[in-house]
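Asks: File name coords35.pdb; file contents PDB, C-alpha atoms, pLDDT in the B column; full text below.
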ATOM      1  CA  MET B   1       0.000   0.000   0.000  1.00 44.00           C
ATOM      2  CA  PRO B   2       2.714   2.576   0.797  1.00 45.00           C
ATOM      3  CA  ALA B   3       4.308   1.867  -2.604  1.00 46.00           C
ATOM      4  CA  VAL B   4       1.067   2.809  -4.329  1.00 45.00           C
ATOM      5  CA  VAL B   5       0.822   6.059  -2.372  1.00 41.00           C
ATOM      6  CA  SER B   6       4.411   7.056  -3.100  1.00 39.00           C
ATOM      7  CA  THR B   7       4.026   6.205  -6.783  1.00 39.00           C
ATOM      8  CA  THR B   8       0.889   8.294  -7.020  1.00 38.00           C
ATOM      9  CA  ALA B   9       2.430  11.157  -5.083  1.00 40.00           C
ATOM     10  CA  GLY B  10       5.559  11.102  -7.249  1.00 39.00           C
ATOM     11  CA  SER B  11       3.641  11.088 -10.523  1.00 35.00           C
ATOM     12  CA  THR B  12       2.268  14.598 -10.216  1.00 41.00           C
ATOM     13  CA  THR B  13       3.937  17.025 -12.546  1.00 42.00           C
ATOM     14  CA  PRO B  14       5.145  20.135 -10.751  1.00 45.00           C
ATOM     15  CA  GLU B  15       4.202  23.496 -12.126  1.00 52.00           C
ATOM     16  CA  THR B  16       6.890  25.145 -14.206  1.00 55.00           C
ATOM     17  CA  PRO B  17       7.882  28.258 -12.286  1.00 63.00           C
ATOM     18  CA  VAL B  18       7.586  31.631 -13.958  1.00 69.00           C
ATOM     19  CA  SER B  19      10.855  33.507 -14.227  1.00 77.00           C
ATOM     20  CA  ARG B  20      11.479  36.390 -11.862  1.00 80.00           C
ATOM     21  CA  THR B  21      11.664  38.783 -14.810  1.00 83.00           C
ATOM     22  CA  VAL B  22       8.150  37.865 -15.933  1.00 83.00           C
ATOM     23  CA  LYS B  23       6.867  38.271 -12.383  1.00 85.00           C
ATOM     24  CA  LEU B  24       8.496  41.686 -12.168  1.00 89.00           C
ATOM     25  CA  VAL B  25       6.664  42.851 -15.312  1.00 90.00           C
ATOM     26  CA  ARG B  26       3.353  42.744 -13.450  1.00 89.00           C
ATOM     27  CA  VAL B  27       4.961  44.270 -10.361  1.00 91.00           C
ATOM     28  CA  ALA B  28       6.272  47.185 -12.424  1.00 93.00           C
ATOM     29  CA  VAL B  29       2.909  47.717 -14.110  1.00 94.00           C
ATOM     30  CA  LEU B  30       1.071  47.727 -10.790  1.00 93.00           C
ATOM     31  CA  LEU B  31       3.496  50.016  -8.999  1.00 94.00           C
ATOM     32  CA  ILE B  32       3.826  52.483 -11.862  1.00 95.00           C
ATOM     33  CA  SER B  33       0.036  52.603 -12.218  1.00 93.00           C
ATOM     34  CA  GLY B  34      -0.481  53.130  -8.498  1.00 93.00           C
ATOM     35  CA  ILE B  35       2.125  55.875  -8.342  1.00 94.00           C
ATOM     36  CA  ALA B  36       0.732  57.568 -11.454  1.00 93.00           C
ATOM     37  CA  ILE B  37      -2.740  57.585  -9.918  1.00 91.00           C
ATOM     38  CA  ALA B  38      -1.404  58.947  -6.636  1.00 90.00           C
ATOM     39  CA  PHE B  39       0.558  61.790  -8.221  1.00 89.00           C
ATOM     40  CA  SER B  40      -2.158  62.865 -10.639  1.00 88.00           C
ATOM     41  CA  ALA B  41      -4.650  63.755  -7.897  1.00 77.00           C
ATOM     42  CA  PRO B  42      -5.452  67.287  -9.158  1.00 75.00           C
ATOM     43  CA  LEU B  43      -6.860  65.782 -12.377  1.00 81.00           C
ATOM     44  CA  HIS B  44      -9.150  63.246 -10.679  1.00 77.00           C
ATOM     45  CA  GLU B  45     -12.215  65.485 -10.841  1.00 81.00           C
ATOM     46  CA  GLN B  46     -12.477  64.873 -14.599  1.00 85.00           C
ATOM     47  CA  LEU B  47     -14.343  61.692 -15.516  1.00 86.00           C
ATOM     48  CA  ALA B  48     -12.512  61.415 -18.845  1.00 87.00           C
ATOM     49  CA  PHE B  49      -9.152  61.452 -17.057  1.00 89.00           C
ATOM     50  CA  ASP B  50     -10.348  58.878 -14.510  1.00 89.00           C
ATOM     51  CA  ARG B  51     -11.592  56.589 -17.274  1.00 91.00           C
ATOM     52  CA  GLY B  52      -8.303  56.948 -19.115  1.00 91.00           C
ATOM     53  CA  MET B  53      -6.172  56.216 -16.053  1.00 92.00           C
ATOM     54  CA  ALA B  54      -8.309  53.214 -15.103  1.00 93.00           C
ATOM     55  CA  ALA B  55      -8.281  51.909 -18.683  1.00 94.00           C
ATOM     56  CA  LEU B  56      -4.489  52.254 -18.869  1.00 94.00           C
ATOM     57  CA  THR B  57      -4.061  50.540 -15.511  1.00 94.00           C
ATOM     58  CA  ILE B  58      -6.413  47.647 -16.213  1.00 94.00           C
ATOM     59  CA  GLY B  59      -5.174  47.271 -19.806  1.00 94.00           C
ATOM     60  CA  ALA B  60      -1.535  47.236 -18.688  1.00 94.00           C
ATOM     61  CA  ILE B  61      -2.355  44.612 -16.060  1.00 93.00           C
ATOM     62  CA  GLY B  62      -4.006  42.577 -18.818  1.00 93.00           C
ATOM     63  CA  ILE B  63      -0.909  42.848 -20.985  1.00 94.00           C
ATOM     64  CA  ALA B  64       1.255  41.746 -18.044  1.00 92.00           C
ATOM     65  CA  HIS B  65      -0.971  38.671 -17.657  1.00 90.00           C
ATOM     66  CA  LEU B  66      -0.617  37.941 -21.373  1.00 91.00           C
ATOM     67  CA  VAL B  67       3.180  38.214 -21.055  1.00 90.00           C
ATOM     68  CA  GLU B  68       3.027  35.646 -18.239  1.00 86.00           C
ATOM     69  CA  TRP B  69       0.848  33.352 -20.354  1.00 86.00           C
ATOM     70  CA  TRP B  70       3.219  33.705 -23.305  1.00 87.00           C
ATOM     71  CA  SER B  71       6.208  32.783 -21.126  1.00 84.00           C
ATOM     72  CA  ARG B  72       4.434  29.626 -19.897  1.00 75.00           C
ATOM     73  CA  ARG B  73       3.324  28.470 -23.355  1.00 74.00           C
ATOM     74  CA  PRO B  74       6.380  26.323 -24.205  1.00 71.00           C
ATOM     75  CA  ALA B  75       5.941  24.301 -20.986  1.00 66.00           C
ATOM     76  CA  GLY B  76       2.317  23.413 -21.661  1.00 65.00           C
ATOM     77  CA  GLY B  77       0.950  26.737 -20.543  1.00 65.00           C
ATOM     78  CA  ASP B  78      -1.553  27.738 -17.950  1.00 75.00           C
ATOM     79  CA  PRO B  79      -4.843  29.145 -19.235  1.00 82.00           C
ATOM     80  CA  LEU B  80      -5.395  31.330 -16.158  1.00 85.00           C
ATOM     81  CA  PRO B  81      -3.050  34.174 -17.188  1.00 87.00           C
ATOM     82  CA  LEU B  82      -4.632  34.102 -20.665  1.00 89.00           C
ATOM     83  CA  LEU B  83      -8.131  34.408 -19.215  1.00 92.00           C
ATOM     84  CA  LEU B  84      -7.022  37.164 -16.830  1.00 92.00           C
ATOM     85  CA  GLY B  85      -5.352  39.016 -19.696  1.00 92.00           C
ATOM     86  CA  ILE B  86      -8.337  38.763 -22.021  1.00 94.00           C
ATOM     87  CA  ALA B  87     -10.782  39.834 -19.302  1.00 94.00           C
ATOM     88  CA  SER B  88      -8.607  42.782 -18.279  1.00 94.00           C
ATOM     89  CA  CYS B  89      -8.092  44.012 -21.825  1.00 95.00           C
ATOM     90  CA  ALA B  90     -11.790  43.628 -22.669  1.00 95.00           C
ATOM     91  CA  LEU B  91     -12.903  45.563 -19.594  1.00 94.00           C
ATOM     92  CA  ALA B  92     -10.262  48.229 -20.231  1.00 94.00           C
ATOM     93  CA  VAL B  93     -11.824  48.756 -23.657  1.00 94.00           C
ATOM     94  CA  GLY B  94     -15.255  48.755 -22.004  1.00 91.00           C
ATOM     95  CA  LEU B  95     -14.208  51.723 -19.884  1.00 91.00           C
ATOM     96  CA  ALA B  96     -14.149  53.856 -23.019  1.00 84.00           C
ATOM     97  CA  PHE B  97     -17.905  53.442 -23.353  1.00 86.00           C
ATOM     98  CA  THR B  98     -18.820  54.552 -19.848  1.00 88.00           C
ATOM     99  CA  GLY B  99     -20.472  57.919 -19.684  1.00 85.00           C
ATOM    100  CA  SER B 100     -21.249  58.296 -15.995  1.00 91.00           C
ATOM    101  CA  ALA B 101     -19.447  57.878 -12.699  1.00 90.00           C
ATOM    102  CA  ILE B 102     -21.676  54.930 -11.781  1.00 93.00           C
ATOM    103  CA  ALA B 103     -20.973  53.095 -15.047  1.00 93.00           C
ATOM    104  CA  PHE B 104     -17.258  53.784 -14.558  1.00 93.00           C
ATOM    105  CA  ALA B 105     -17.427  52.330 -11.045  1.00 94.00           C
ATOM    106  CA  MET B 106     -19.379  49.263 -12.180  1.00 95.00           C
ATOM    107  CA  VAL B 107     -16.832  48.424 -14.879  1.00 95.00           C
ATOM    108  CA  VAL B 108     -13.959  48.745 -12.394  1.00 95.00           C
ATOM    109  CA  ALA B 109     -15.874  46.632  -9.857  1.00 96.00           C
ATOM    110  CA  GLY B 110     -16.706  44.104 -12.583  1.00 95.00           C
ATOM    111  CA  TRP B 111     -13.040  43.800 -13.493  1.00 95.00           C
ATOM    112  CA  ALA B 112     -12.110  43.331  -9.834  1.00 96.00           C
ATOM    113  CA  VAL B 113     -14.720  40.579  -9.370  1.00 96.00           C
ATOM    114  CA  VAL B 114     -13.795  38.749 -12.580  1.00 95.00           C
ATOM    115  CA  SER B 115     -10.088  38.888 -11.715  1.00 94.00           C
ATOM    116  CA  ALA B 116     -10.727  37.718  -8.159  1.00 94.00           C
ATOM    117  CA  ILE B 117     -12.908  34.809  -9.283  1.00 94.00           C
ATOM    118  CA  LEU B 118     -10.321  33.727 -11.844  1.00 92.00           C
ATOM    119  CA  GLU B 119      -7.570  33.911  -9.212  1.00 89.00           C
ATOM    120  CA  PHE B 120      -9.654  31.787  -6.831  1.00 89.00           C
ATOM    121  CA  LEU B 121     -10.445  29.314  -9.628  1.00 89.00           C
ATOM    122  CA  GLY B 122      -6.750  29.004 -10.357  1.00 81.00           C
ATOM    123  CA  THR B 123      -6.085  27.887  -6.792  1.00 79.00           C
ATOM    124  CA  THR B 124      -8.759  25.185  -6.962  1.00 79.00           C
ATOM    125  CA  VAL B 125      -8.051  23.901 -10.469  1.00 73.00           C
ATOM    126  CA  ARG B 126      -4.260  23.917 -10.200  1.00 66.00           C
ATOM    127  CA  PRO B 127      -3.264  24.129  -6.532  1.00 62.00           C
ATOM    128  CA  GLY B 128       0.160  25.639  -5.986  1.00 60.00           C
ATOM    129  CA  SER B 129       0.408  27.064  -9.493  1.00 56.00           C
ATOM    130  CA  ARG B 130      -0.007  30.666  -8.344  1.00 61.00           C
ATOM    131  CA  GLN B 131       1.255  31.230  -4.837  1.00 67.00           C
ATOM    132  CA  ASP B 132      -0.304  34.685  -4.531  1.00 81.00           C
ATOM    133  CA  ALA B 133      -3.732  33.885  -5.930  1.00 83.00           C
ATOM    134  CA  ILE B 134      -5.628  33.826  -2.640  1.00 88.00           C
ATOM    135  CA  PHE B 135      -4.263  37.202  -1.558  1.00 90.00           C
ATOM    136  CA  LEU B 136      -4.910  38.753  -4.972  1.00 91.00           C
ATOM    137  CA  GLY B 137      -8.398  37.246  -5.120  1.00 91.00           C
ATOM    138  CA  ALA B 138      -9.275  38.578  -1.676  1.00 93.00           C
ATOM    139  CA  THR B 139      -7.828  41.997  -2.507  1.00 94.00           C
ATOM    140  CA  GLY B 140      -9.805  42.060  -5.756  1.00 94.00           C
ATOM    141  CA  MET B 141     -13.031  41.257  -3.907  1.00 96.00           C
ATOM    142  CA  LEU B 142     -12.260  44.005  -1.396  1.00 96.00           C
ATOM    143  CA  LEU B 143     -11.645  46.448  -4.261  1.00 96.00           C
ATOM    144  CA  ALA B 144     -14.975  45.511  -5.845  1.00 96.00           C
ATOM    145  CA  LEU B 145     -16.812  45.962  -2.554  1.00 97.00           C
ATOM    146  CA  LEU B 146     -15.235  49.355  -1.863  1.00 96.00           C
ATOM    147  CA  VAL B 147     -15.895  50.565  -5.406  1.00 96.00           C
ATOM    148  CA  VAL B 148     -19.550  49.557  -5.201  1.00 96.00           C
ATOM    149  CA  LEU B 149     -19.885  51.365  -1.865  1.00 96.00           C
ATOM    150  CA  VAL B 150     -18.518  54.648  -3.298  1.00 94.00           C
ATOM    151  CA  ARG B 151     -19.871  54.213  -6.833  1.00 92.00           C
ATOM    152  CA  ASN B 152     -20.971  57.874  -7.146  1.00 91.00           C
ATOM    153  CA  ASP B 153     -17.527  59.241  -6.256  1.00 90.00           C
ATOM    154  CA  GLN B 154     -15.227  58.753  -9.246  1.00 90.00           C
ATOM    155  CA  VAL B 155     -12.241  60.159  -7.337  1.00 91.00           C
ATOM    156  CA  ALA B 156     -12.627  57.500  -4.644  1.00 92.00           C
ATOM    157  CA  VAL B 157     -13.053  54.761  -7.262  1.00 93.00           C
ATOM    158  CA  LEU B 158      -9.801  55.734  -8.938  1.00 93.00           C
ATOM    159  CA  GLY B 159      -8.132  56.105  -5.543  1.00 93.00           C
ATOM    160  CA  PHE B 160      -9.151  52.605  -4.516  1.00 95.00           C
ATOM    161  CA  LEU B 161      -7.877  51.254  -7.845  1.00 95.00           C
ATOM    162  CA  GLY B 162      -4.553  52.996  -7.202  1.00 94.00           C
ATOM    163  CA  ALA B 163      -4.394  51.606  -3.668  1.00 95.00           C
ATOM    164  CA  TYR B 164      -5.119  48.112  -5.022  1.00 95.00           C
ATOM    165  CA  ALA B 165      -2.326  48.527  -7.584  1.00 95.00           C
ATOM    166  CA  VAL B 166       0.224  49.587  -4.970  1.00 95.00           C
ATOM    167  CA  LEU B 167      -0.807  46.891  -2.475  1.00 95.00           C
ATOM    168  CA  ALA B 168      -0.769  44.110  -5.079  1.00 93.00           C
ATOM    169  CA  GLY B 169       2.469  45.415  -6.603  1.00 93.00           C
ATOM    170  CA  VAL B 170       4.294  45.480  -3.284  1.00 93.00           C
ATOM    171  CA  PHE B 171       3.021  42.024  -2.331  1.00 92.00           C
ATOM    172  CA  LEU B 172       3.928  40.521  -5.719  1.00 90.00           C
ATOM    173  CA  GLY B 173       7.308  42.258  -5.594  1.00 90.00           C
ATOM    174  CA  ILE B 174       8.092  40.691  -2.258  1.00 90.00           C
ATOM    175  CA  SER B 175       6.954  37.265  -3.421  1.00 85.00           C
ATOM    176  CA  ALA B 176       8.998  37.565  -6.644  1.00 82.00           C
ATOM    177  CA  PHE B 177      12.123  37.519  -4.499  1.00 85.00           C
ATOM    178  CA  ASP B 178      10.884  34.765  -2.168  1.00 76.00           C
ATOM    179  CA  THR B 179      13.262  31.850  -2.608  1.00 68.00           C
ATOM    180  CA  ARG B 180      11.130  29.310  -0.718  1.00 65.00           C
ATOM    181  CA  GLN B 181       8.847  28.743  -3.732  1.00 58.00           C
ATOM    182  CA  GLU B 182      11.825  28.284  -6.054  1.00 57.00           C
ATOM    183  CA  ARG B 183      13.376  25.747  -3.679  1.00 59.00           C
ATOM    184  CA  ALA B 184      10.097  23.834  -3.375  1.00 57.00           C
ATOM    185  CA  SER B 185       9.775  23.675  -7.184  1.00 53.00           C
ATOM    186  CA  ARG B 186      13.376  22.476  -7.567  1.00 55.00           C
ATOM    187  CA  ASP B 187      12.872  19.855  -4.856  1.00 57.00           C
ATOM    188  CA  ALA B 188       9.651  18.628  -6.496  1.00 51.00           C
ATOM    189  CA  ILE B 189      11.352  18.381  -9.896  1.00 51.00           C
ATOM    190  CA  ALA B 190      14.342  16.560  -8.352  1.00 55.00           C
ATOM    191  CA  GLY B 191      11.970  14.171  -6.578  1.00 58.00           C
ATOM    192  CA  ASP B 192      10.357  13.164  -9.895  1.00 54.00           C
ATOM    193  CA  ARG B 193      13.660  12.079 -11.409  1.00 55.00           C
TER     194      ARG B 193
END
Go ahead and render the structure in this file as structure tokens.

Replies:
Amino acid sequence: MPAVVSTTAGSTTPETPVSRTVKLVRVAVLLISGIAIAFSAPLHEQLAFDRGMAALTIGAIGIAHLVEWWSRRPAGGDPLPLLLGIASCALAVGLAFTGSAIAFAMVVAGWAVVSAILEFLGTTVRPGSRQDAIFLGATGMLLALLVVLVRNDQVAVLGFLGAYAVLAGVFLGISAFDTRQERASRDAIAGDR
């Protein structure tokens, strides 16, 4: 019986880790977006500016997800970054068609919910494939909740998006330099040989 358990446990294919450079692409996008939102505060009273900043932020996050998906393609790929990238880019384009502060807030909240659900799905479908998915999913849900609560205040909506970007960027930046995950992946690969 123990031989069967060890054979089954050893037959799982470990997830191919994403390179630190690819991880840092999303970190850079998030941090630059958050800082740009923070330092453009005098312009936040204009809905067109808010839509543009949010569309750039969400679109850039989508492109960062697509870069991650592209880097994983040779190793069999993971569809989660592709889905996150497509959803982010589509909702960034959708921001161009919002004409009111409430519609702007609902699109941002919709993006946050879709991203959070996809992050949570990634943890259940492929456990261990994205070490930060639970934190990012919970932060996305919190962003959606806060945006819905202040849906009439476009300045607050953009501010919460900027805060999300900084928080997620800092967290992902720290985890990009976490060597425990790299060691666990190397040990799992060595154990399969």

Asks: Report as a ChimeraX atom specification all protein, DNA and RNA residues lying within 7 Å of stretch 31-46 of chain B, evaluated on all atoms listed in the file, omitting residues in the same chain fewer than 4 positions from it.

Replies: /B:27,50,57,155,162-163,165-166,169

Asks: Compile the contact shell of B:Ala60 as a ChimeraX atom specification: residues with an atom at most 9 Å away, counting all atoms listed in the file, same-chain residues fewer than 6 positions apart removed.

Replies: /B:26,29-30,33,88-89,92

Asks: Compile the contact shell of stretch 116-126 of chain B as a VMD selection string: residues with an atom at most 10 Å away, counting only C-alpha atoms, same-chain residues fewer than 2 positions apart removed.

Replies: chain B and resid 15 78 to 81 83 to 84 87 110 to 114 128 to 144

Asks: Using only C-alpha atoms, which of B:Leu82, B:Val147, B:Ala28, B:Ile63 sits nearest B:Val107?

Replies: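 Looking at the shortest contact to B:Val107, the residue is B:Val147.
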
Asks: Quick one: distance from atom CA of B:Val67 to atom CA of B:Ser19 in Å, one decimal?

Replies: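 Distance reported for this atom pair: 11.3 Å.
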
Asks: With distances taken over only C-alpha atoms, which of B:Leu91, B:Val170, B:Leu56, B:Val22 is nearest to B:Ala105?

Replies: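 Among the listed residues, B:Leu91 lies closest to B:Ala105.
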
Asks: Nearest to B:Asn152 among B:Ile58, B:Ala101, B:Leu47, B:Val25, with distances taken over all atoms listed in the file: which residue is it?

Replies: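 For B:Asn152, the nearest of the candidates is B:Ala101.
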
Asks: With N, CA, C and O atoms as the atom set, please write stretch 96-117 of chain B from the structure just given, as a tab-separated table (two decimals), in the first residue's frame.

Replies:
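Output file result_18.tsv follows:
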chain	number	residue	atom	x	y	z
B	96	ALA	N	-14.00	52.76	-22.07
B	96	ALA	CA	-14.15	53.86	-23.02
B	96	ALA	C	-15.61	54.19	-23.29
B	96	ALA	O	-15.94	55.29	-23.73
B	97	PHE	N	-16.49	53.25	-23.05
B	97	PHE	CA	-17.91	53.44	-23.35
B	97	PHE	C	-18.73	53.82	-22.13
B	97	PHE	O	-19.96	53.82	-22.19
B	98	THR	N	-18.08	54.12	-21.03
B	98	THR	CA	-18.82	54.55	-19.85
B	98	THR	C	-18.99	56.06	-19.90
B	98	THR	O	-18.06	56.79	-20.18
B	99	GLY	N	-20.20	56.50	-19.61
B	99	GLY	CA	-20.47	57.92	-19.68
B	99	GLY	C	-20.80	58.56	-18.35
B	99	GLY	O	-20.95	59.76	-18.26
B	100	SER	N	-20.91	57.75	-17.31
B	100	SER	CA	-21.25	58.30	-16.00
B	100	SER	C	-20.31	57.70	-14.95
B	100	SER	O	-19.65	56.70	-15.18
B	101	ALA	N	-20.30	58.35	-13.79
B	101	ALA	CA	-19.45	57.88	-12.70
B	101	ALA	C	-19.88	56.50	-12.23
B	101	ALA	O	-19.04	55.66	-11.89
B	102	ILE	N	-21.19	56.24	-12.23
B	102	ILE	CA	-21.68	54.93	-11.78
B	102	ILE	C	-21.27	53.83	-12.76
B	102	ILE	O	-20.82	52.76	-12.34
B	103	ALA	N	-21.39	54.09	-14.06
B	103	ALA	CA	-20.97	53.10	-15.05
B	103	ALA	C	-19.47	52.84	-14.95
B	103	ALA	O	-19.02	51.70	-15.04
B	104	PHE	N	-18.71	53.90	-14.75
B	104	PHE	CA	-17.26	53.78	-14.56
B	104	PHE	C	-16.96	52.88	-13.36
B	104	PHE	O	-16.15	51.96	-13.44
B	105	ALA	N	-17.64	53.13	-12.25
B	105	ALA	CA	-17.43	52.33	-11.04
B	105	ALA	C	-17.83	50.88	-11.26
B	105	ALA	O	-17.14	49.96	-10.79
B	106	MET	N	-18.92	50.64	-11.97
B	106	MET	CA	-19.38	49.26	-12.18
B	106	MET	C	-18.41	48.47	-13.06
B	106	MET	O	-18.21	47.28	-12.84
B	107	VAL	N	-17.82	49.13	-14.05
B	107	VAL	CA	-16.83	48.42	-14.88
B	107	VAL	C	-15.59	48.09	-14.06
B	107	VAL	O	-15.06	46.97	-14.14
B	108	VAL	N	-15.12	49.02	-13.25
B	108	VAL	CA	-13.96	48.74	-12.39
B	108	VAL	C	-14.29	47.63	-11.40
B	108	VAL	O	-13.49	46.70	-11.21
B	109	ALA	N	-15.47	47.69	-10.79
B	109	ALA	CA	-15.87	46.63	-9.86
B	109	ALA	C	-16.03	45.29	-10.59
B	109	ALA	O	-15.64	44.25	-10.06
B	110	GLY	N	-16.57	45.34	-11.79
B	110	GLY	CA	-16.71	44.10	-12.58
B	110	GLY	C	-15.36	43.48	-12.88
B	110	GLY	O	-15.18	42.26	-12.79
B	111	TRP	N	-14.38	44.32	-13.24
B	111	TRP	CA	-13.04	43.80	-13.49
B	111	TRP	C	-12.46	43.17	-12.23
B	111	TRP	O	-11.86	42.09	-12.27
B	112	ALA	N	-12.66	43.84	-11.10
B	112	ALA	CA	-12.11	43.33	-9.83
B	112	ALA	C	-12.73	41.98	-9.48
B	112	ALA	O	-12.03	41.06	-9.06
B	113	VAL	N	-14.04	41.85	-9.68
B	113	VAL	CA	-14.72	40.58	-9.37
B	113	VAL	C	-14.27	39.47	-10.31
B	113	VAL	O	-13.96	38.35	-9.88
B	114	VAL	N	-14.22	39.77	-11.60
B	114	VAL	CA	-13.80	38.75	-12.58
B	114	VAL	C	-12.37	38.30	-12.29
B	114	VAL	O	-12.07	37.09	-12.28
B	115	SER	N	-11.48	39.25	-12.03
B	115	SER	CA	-10.09	38.89	-11.71
B	115	SER	C	-10.00	38.06	-10.44
B	115	SER	O	-9.26	37.07	-10.38
B	116	ALA	N	-10.76	38.45	-9.43
B	116	ALA	CA	-10.73	37.72	-8.16
B	116	ALA	C	-11.25	36.30	-8.34
B	116	ALA	O	-10.65	35.34	-7.83
B	117	ILE	N	-12.35	36.15	-9.06
B	117	ILE	CA	-12.91	34.81	-9.28
B	117	ILE	C	-11.93	33.94	-10.06
B	117	ILE	O	-11.73	32.76	-9.73
